[in-house]
Amino acid sequence: MSVIVGLGVVLVLAILYMIFRIGNLVGLVKGKETTDPYNKVNGFLFMAFSISSIVGFLWYSYAHYDSYTLPVASIHGGITDGLFWLTMGITVVAFVIISIVMFWFTYKYQYNPNRRGEFLADNHKLEILWTVVPAIVLALLIFRGLRVWNDITGPASKEAEVIELVGQQWLWSARYPGVKDNQLGDCNYKLIDASNEFGLDLTDKNTFDDFKSLELHLPKGREVLLKIRAKDVLHSVFLPHFRVKMDAVPGMYTYFKFTPTKTTQEMRDETGNPNFNYEMACTEICGKGHFSMRFPVVVDEPEVYEKWKAAQDAWLKLNPEYLAKVPSALREAAMIKSGVPLDNSATGAAQLRSVSITN
Ligand SMILES: [Cu+2]
């Protein structure tokens, strides 16, 4: 069916072209200037197209400003927005001038039998001018951008809050270092199983208080370092309000550091939307469930954030059967650090039993 439709379209186009050719040839035989009638029409069409598209472009940019600019909620976000608008300003001015001149010339210098074209070999002054000016402007833009890029991608400070984000088909999970040591424990993809989704290496004592979260909680005004990885294919961390975007790559860590500047509540007040919530999305088409990789983000004052962290259960506490994987010398420390009860209560006894069975 589609072959037949395609053939039909080709035939109709061929017939239209033949009609056009025949019209032209008939005109030639009759001794008519073939360009004449189309000349003026095309000139006007060029002008109409030029004016309507420039007006449409300016109208859209102004009327829909809010739908393509999000309020910014990070320190570097303000700086990259500034760079973006500087580049945008310069390129829009150049774009509008070039478009107007281009279309105006096609109209003004349309074919006229009484006018002869002048031959102009070259003009050195003009050539130098239109090479040097854009080169200087572009170099300034690029150097400015490079400086900002180096700042954004430079090493995070020692006090930065480190949070691990893991992408997989098709969900995100976050791992926090835990309040006891504030250090993310080691992990290894070979240790990943149905429960140990991070592949925690339980011989490292820093893993004992690590906890998992299905929401990204961030402290306002503190530097955050995202350690990003993927378990299967490429994913990409996108936090639009914080102007954060970084690919999640299987087999390696990628990093992004930033400082949130507005809590969720402050953003609700600013946008006048009591239901506002930050969110994170995956921006790498990673399979059929890509659309569902939405991750809630909450920004709180640092005190509230610390309270939230302290209230979370360590991964090991929720999966006490993995105590068996902890070296026996570290087991008691692991129970204390992860909050697994040491006493003879029902859970404690059950956990110790499962430890001895698996050993
Ligand atoms: Cu994804």
# chains A, B, ... in the order shown; residues from 1 in each chain; ligands from 1

$ residues_near_ligand --ligand "ligand 1" --cutoff "12 Å" --atoms "only C-alpha atoms and all ligand atoms" --output "PyMOL selection string"
chain A and resi 166-173+229-238+246-250+280-295

$ select_by_dssp --residues "segment 107-140 of chain A" --states "alpha helix (DSSP H)" --output "list of chain:residue names"
A:Tyr107, A:Lys108, A:His124, A:Lys125, A:Leu126, A:Glu127, A:Ile128, A:Leu129, A:Trp130, A:Thr131, A:Val132, A:Val133, A:Pro134, A:Ala135, A:Ile136, A:Val137, A:Leu138, A:Ala139, A:Leu140

$ closest_residue --among "A:Leu202, A:Ala63, A:Ala174, A:Ala310" --to "Ile228 of chain A" --atoms "only C-alpha atoms"
A:Ala174

$ residues_around --residues "Leu70 of chain A" --least-positions-apart "2" --cutoff "8 Å" --atoms "only C-alpha atoms" --output "list in words"
Asp66, Ser67, Tyr68, Val72, Pro240 and His241 of chain A

$ closest_residue --among "A:Asp313, A:Glu127, A:Glu321, A:Glu161" --to "Pro219 of chain A" --atoms "only C-alpha atoms"
A:Glu161

$ residues_around --residues "segment 197-201 of chain A" --least-positions-apart "4" --cutoff "6 Å" --atoms "only C-alpha atoms" --output "list of chain:residue names"
A:Asp186, A:Cys187, A:Asn188, A:Tyr189, A:Leu191, A:Ile192, A:Asp193

$ residues_around --residues "Lys262 of chain A" --least-positions-apart "6" --cutoff "12 Å" --atoms "only C-alpha atoms" --output "number ranges by chain"
A: 71-75, 77, 218-222, 241-242, 268-271, 277-278, 298-302

$ residues_around --residues "Ile152 of chain A" --least-positions-apart "3" --cutoff "12 Å" --atoms "only C-alpha atoms" --output "list of chain:residue names"
A:Ser74, A:Ile75, A:His76, A:Gly77, A:Gly78, A:Ile79, A:Thr80, A:Gly145, A:Leu146, A:Arg147, A:Val148, A:Trp149, A:Pro155, A:Ala156, A:Ser157, A:Glu223, A:Leu225, A:Arg243, A:Val244, A:Lys245, A:Met246, A:Tyr255, A:Phe256, A:Lys257, A:Phe258, A:Thr259

$ residues_around --residues "Gln183 of chain A" --least-positions-apart "4" --cutoff "9 Å" --atoms "only C-alpha atoms" --output "list in words"
Val162, Tyr176, Pro177, Gly178, Val179, Asn206, Thr207, Asp209 and Asp210 of chain A

$ write_last_selection --atoms "all heavy atoms" --output "PDB file, in the first residue's frame"
ATOM      1  N   VAL A 162      28.102  14.337  49.866  1.00  0.00           N
ATOM      2  CA  VAL A 162      28.230  13.405  48.733  1.00  0.00           C
ATOM      3  C   VAL A 162      27.015  12.479  48.683  1.00  0.00           C
ATOM      4  O   VAL A 162      26.667  11.847  49.688  1.00  0.00           O
ATOM      5  CB  VAL A 162      29.516  12.560  48.852  1.00  0.00           C
ATOM      6  CG1 VAL A 162      29.665  11.651  47.647  1.00  0.00           C
ATOM      7  CG2 VAL A 162      30.730  13.466  48.990  1.00  0.00           C
ATOM      8  N   TYR A 176      22.819   7.481  50.425  1.00  0.00           N
ATOM      9  CA  TYR A 176      23.406   8.511  51.286  1.00  0.00           C
ATOM     10  C   TYR A 176      24.457   7.872  52.183  1.00  0.00           C
ATOM     11  O   TYR A 176      24.334   6.700  52.545  1.00  0.00           O
ATOM     12  CB  TYR A 176      22.318   9.164  52.140  1.00  0.00           C
ATOM     13  CG  TYR A 176      21.469  10.140  51.376  1.00  0.00           C
ATOM     14  CD1 TYR A 176      20.483   9.690  50.503  1.00  0.00           C
ATOM     15  CD2 TYR A 176      21.655  11.507  51.517  1.00  0.00           C
ATOM     16  CE1 TYR A 176      19.709  10.585  49.786  1.00  0.00           C
ATOM     17  CE2 TYR A 176      20.875  12.402  50.810  1.00  0.00           C
ATOM     18  CZ  TYR A 176      19.911  11.943  49.947  1.00  0.00           C
ATOM     19  OH  TYR A 176      19.148  12.833  49.232  1.00  0.00           O
ATOM     20  N   PRO A 177      25.478   8.663  52.569  1.00  0.00           N
ATOM     21  CA  PRO A 177      26.588   8.087  53.340  1.00  0.00           C
ATOM     22  C   PRO A 177      26.211   7.703  54.771  1.00  0.00           C
ATOM     23  O   PRO A 177      26.959   6.963  55.395  1.00  0.00           O
ATOM     24  CB  PRO A 177      27.643   9.189  53.339  1.00  0.00           C
ATOM     25  CG  PRO A 177      27.007  10.406  52.814  1.00  0.00           C
ATOM     26  CD  PRO A 177      25.694  10.065  52.211  1.00  0.00           C
ATOM     27  N   GLY A 178      25.080   8.150  55.289  1.00  0.00           N
ATOM     28  CA  GLY A 178      24.731   7.801  56.671  1.00  0.00           C
ATOM     29  C   GLY A 178      25.331   8.797  57.641  1.00  0.00           C
ATOM     30  O   GLY A 178      26.428   9.320  57.412  1.00  0.00           O
ATOM     31  N   VAL A 179      24.624   9.045  58.758  1.00  0.00           N
ATOM     32  CA  VAL A 179      25.046  10.137  59.652  1.00  0.00           C
ATOM     33  C   VAL A 179      26.211   9.750  60.559  1.00  0.00           C
ATOM     34  O   VAL A 179      26.882  10.607  61.112  1.00  0.00           O
ATOM     35  CB  VAL A 179      23.870  10.626  60.520  1.00  0.00           C
ATOM     36  CG1 VAL A 179      22.929  11.472  59.692  1.00  0.00           C
ATOM     37  CG2 VAL A 179      23.122   9.463  61.136  1.00  0.00           C
ATOM     38  N   ASN A 206      32.452   1.485  56.082  1.00  0.00           N
ATOM     39  CA  ASN A 206      31.688   2.687  55.732  1.00  0.00           C
ATOM     40  C   ASN A 206      30.314   2.368  55.139  1.00  0.00           C
ATOM     41  O   ASN A 206      29.464   3.244  55.024  1.00  0.00           O
ATOM     42  CB  ASN A 206      32.480   3.550  54.739  1.00  0.00           C
ATOM     43  CG  ASN A 206      33.657   4.230  55.403  1.00  0.00           C
ATOM     44  OD1 ASN A 206      33.623   4.490  56.612  1.00  0.00           O
ATOM     45  ND2 ASN A 206      34.690   4.501  54.636  1.00  0.00           N
ATOM     46  N   THR A 207      30.115   1.110  54.748  1.00  0.00           N
ATOM     47  CA  THR A 207      28.807   0.776  54.162  1.00  0.00           C
ATOM     48  C   THR A 207      27.737   0.595  55.240  1.00  0.00           C
ATOM     49  O   THR A 207      26.554   0.687  54.951  1.00  0.00           O
ATOM     50  CB  THR A 207      28.851  -0.552  53.372  1.00  0.00           C
ATOM     51  OG1 THR A 207      29.322  -1.569  54.254  1.00  0.00           O
ATOM     52  CG2 THR A 207      29.729  -0.456  52.152  1.00  0.00           C
ATOM     53  N   ASP A 209      26.322   2.166  57.700  1.00  0.00           N
ATOM     54  CA  ASP A 209      25.222   3.105  57.954  1.00  0.00           C
ATOM     55  C   ASP A 209      24.700   3.759  56.668  1.00  0.00           C
ATOM     56  O   ASP A 209      23.869   4.657  56.721  1.00  0.00           O
ATOM     57  CB  ASP A 209      25.652   4.179  58.961  1.00  0.00           C
ATOM     58  CG  ASP A 209      26.800   5.024  58.429  1.00  0.00           C
ATOM     59  OD1 ASP A 209      27.462   4.577  57.467  1.00  0.00           O
ATOM     60  OD2 ASP A 209      27.022   6.116  58.970  1.00  0.00           O
ATOM     61  N   ASP A 210      25.182   3.336  55.503  1.00  0.00           N
ATOM     62  CA  ASP A 210      24.659   3.901  54.245  1.00  0.00           C
ATOM     63  C   ASP A 210      23.169   3.590  54.139  1.00  0.00           C
ATOM     64  O   ASP A 210      22.728   2.518  54.538  1.00  0.00           O
ATOM     65  CB  ASP A 210      25.364   3.280  53.030  1.00  0.00           C
ATOM     66  CG  ASP A 210      26.803   3.769  52.907  1.00  0.00           C
ATOM     67  OD1 ASP A 210      27.246   4.507  53.814  1.00  0.00           O
ATOM     68  OD2 ASP A 210      27.468   3.407  51.923  1.00  0.00           O
TER      69      ASP A 210
END

$ atom_distance --atom1 "atom CA of Thr131 of chain A" --atom2 "atom CA of Phe95 of chain A"
16.4 Å

$ atom_distance --atom1 "atom CA of Val29 of chain A" --atom2 "atom CA of Ile15 of chain A"
21.0 Å

$ decode --residues "segment 179-268 of chain A" --atoms "C-alpha atoms" --output "JSON list (two decimals), in the first residue's frame"
[["chain", "number", "residue", "atom", "x", "y", "z"],
["A", 179, "VAL", "CA", 25.05, 10.14, 59.65],
["A", 180, "LYS", "CA", 27.53, 8.05, 61.68],
["A", 181, "ASP", "CA", 30.53, 8.31, 59.35],
["A", 182, "ASN", "CA", 29.37, 10.58, 56.52],
["A", 183, "GLN", "CA", 31.34, 8.37, 54.10],
["A", 184, "LEU", "CA", 29.89, 6.38, 51.25],
["A", 185, "GLY", "CA", 31.01, 2.77, 51.58],
["A", 186, "ASP", "CA", 32.62, 0.81, 48.75],
["A", 187, "CYS", "CA", 30.53, -1.03, 46.24],
["A", 188, "ASN", "CA", 31.16, -3.43, 43.41],
["A", 189, "TYR", "CA", 28.85, -4.31, 40.57],
["A", 190, "LYS", "CA", 29.74, -8.00, 41.00],
["A", 191, "LEU", "CA", 28.04, -7.96, 44.42],
["A", 192, "ILE", "CA", 24.71, -6.73, 43.03],
["A", 193, "ASP", "CA", 21.86, -9.17, 43.68],
["A", 194, "ALA", "CA", 18.10, -8.97, 44.19],
["A", 195, "SER", "CA", 18.39, -7.23, 47.59],
["A", 196, "ASN", "CA", 21.87, -5.71, 47.40],
["A", 197, "GLU", "CA", 20.94, -3.39, 44.56],
["A", 198, "PHE", "CA", 23.90, -1.05, 45.11],
["A", 199, "GLY", "CA", 26.38, -3.93, 45.24],
["A", 200, "LEU", "CA", 27.51, -2.81, 48.72],
["A", 201, "ASP", "CA", 30.82, -4.31, 49.75],
["A", 202, "LEU", "CA", 30.06, -5.18, 53.38],
["A", 203, "THR", "CA", 33.72, -5.78, 54.22],
["A", 204, "ASP", "CA", 34.05, -1.97, 54.15],
["A", 205, "LYS", "CA", 32.84, -0.51, 57.46],
["A", 206, "ASN", "CA", 31.69, 2.69, 55.73],
["A", 207, "THR", "CA", 28.81, 0.78, 54.16],
["A", 208, "PHE", "CA", 27.20, -0.11, 57.52],
["A", 209, "ASP", "CA", 25.22, 3.10, 57.95],
["A", 210, "ASP", "CA", 24.66, 3.90, 54.25],
["A", 211, "PHE", "CA", 20.98, 4.23, 53.44],
["A", 212, "LYS", "CA", 18.86, 4.14, 50.35],
["A", 213, "SER", "CA", 16.30, 6.77, 49.41],
["A", 214, "LEU", "CA", 13.69, 6.94, 46.68],
["A", 215, "GLU", "CA", 13.67, 10.72, 46.95],
["A", 216, "LEU", "CA", 16.58, 13.06, 46.46],
["A", 217, "HIS", "CA", 16.81, 15.23, 49.58],
["A", 218, "LEU", "CA", 19.17, 18.20, 49.38],
["A", 219, "PRO", "CA", 20.27, 20.79, 51.93],
["A", 220, "LYS", "CA", 19.83, 24.44, 50.99],
["A", 221, "GLY", "CA", 23.03, 26.51, 50.87],
["A", 222, "ARG", "CA", 25.41, 23.55, 51.11],
["A", 223, "GLU", "CA", 27.54, 22.18, 48.33],
["A", 224, "VAL", "CA", 26.29, 18.82, 47.06],
["A", 225, "LEU", "CA", 28.42, 16.41, 45.05],
["A", 226, "LEU", "CA", 26.46, 13.89, 43.00],
["A", 227, "LYS", "CA", 28.32, 10.66, 42.29],
["A", 228, "ILE", "CA", 26.48, 9.19, 39.36],
["A", 229, "ARG", "CA", 26.55, 5.69, 37.90],
["A", 230, "ALA", "CA", 24.34, 3.37, 35.84],
["A", 231, "LYS", "CA", 23.74, -0.35, 36.08],
["A", 232, "ASP", "CA", 22.75, -1.20, 32.53],
["A", 233, "VAL", "CA", 22.64, 1.43, 29.78],
["A", 234, "LEU", "CA", 23.31, 5.16, 29.52],
["A", 235, "HIS", "CA", 20.97, 7.31, 31.59],
["A", 236, "SER", "CA", 21.24, 11.00, 32.29],
["A", 237, "VAL", "CA", 20.62, 13.01, 35.44],
["A", 238, "PHE", "CA", 18.65, 16.15, 34.68],
["A", 239, "LEU", "CA", 17.70, 18.60, 37.42],
["A", 240, "PRO", "CA", 16.31, 21.50, 35.41],
["A", 241, "HIS", "CA", 15.80, 24.00, 38.26],
["A", 242, "PHE", "CA", 19.40, 23.51, 39.38],
["A", 243, "ARG", "CA", 20.76, 23.61, 35.81],
["A", 244, "VAL", "CA", 22.33, 20.21, 36.41],
["A", 245, "LYS", "CA", 22.71, 17.66, 33.64],
["A", 246, "MET", "CA", 25.17, 14.77, 33.62],
["A", 247, "ASP", "CA", 25.16, 11.38, 31.95],
["A", 248, "ALA", "CA", 25.03, 8.22, 34.06],
["A", 249, "VAL", "CA", 27.47, 5.78, 32.47],
["A", 250, "PRO", "CA", 27.74, 2.05, 33.21],
["A", 251, "GLY", "CA", 31.18, 1.10, 34.50],
["A", 252, "MET", "CA", 32.32, 4.51, 35.73],
["A", 253, "TYR", "CA", 31.38, 7.39, 37.99],
["A", 254, "THR", "CA", 30.47, 10.81, 36.68],
["A", 255, "TYR", "CA", 30.22, 13.80, 39.00],
["A", 256, "PHE", "CA", 28.34, 17.05, 39.29],
["A", 257, "LYS", "CA", 28.64, 19.51, 42.14],
["A", 258, "PHE", "CA", 26.23, 22.34, 42.85],
["A", 259, "THR", "CA", 24.71, 24.36, 45.66],
["A", 260, "PRO", "CA", 20.91, 24.58, 45.96],
["A", 261, "THR", "CA", 19.77, 28.08, 46.88],
["A", 262, "LYS", "CA", 16.01, 27.72, 47.44],
["A", 263, "THR", "CA", 14.05, 25.24, 49.53],
["A", 264, "THR", "CA", 10.98, 23.57, 48.08],
["A", 265, "GLN", "CA", 8.81, 25.85, 50.24],
["A", 266, "GLU", "CA", 10.62, 28.98, 49.01],
["A", 267, "MET", "CA", 10.07, 27.86, 45.42],
["A", 268, "ARG", "CA", 6.36, 27.31, 46.17]]
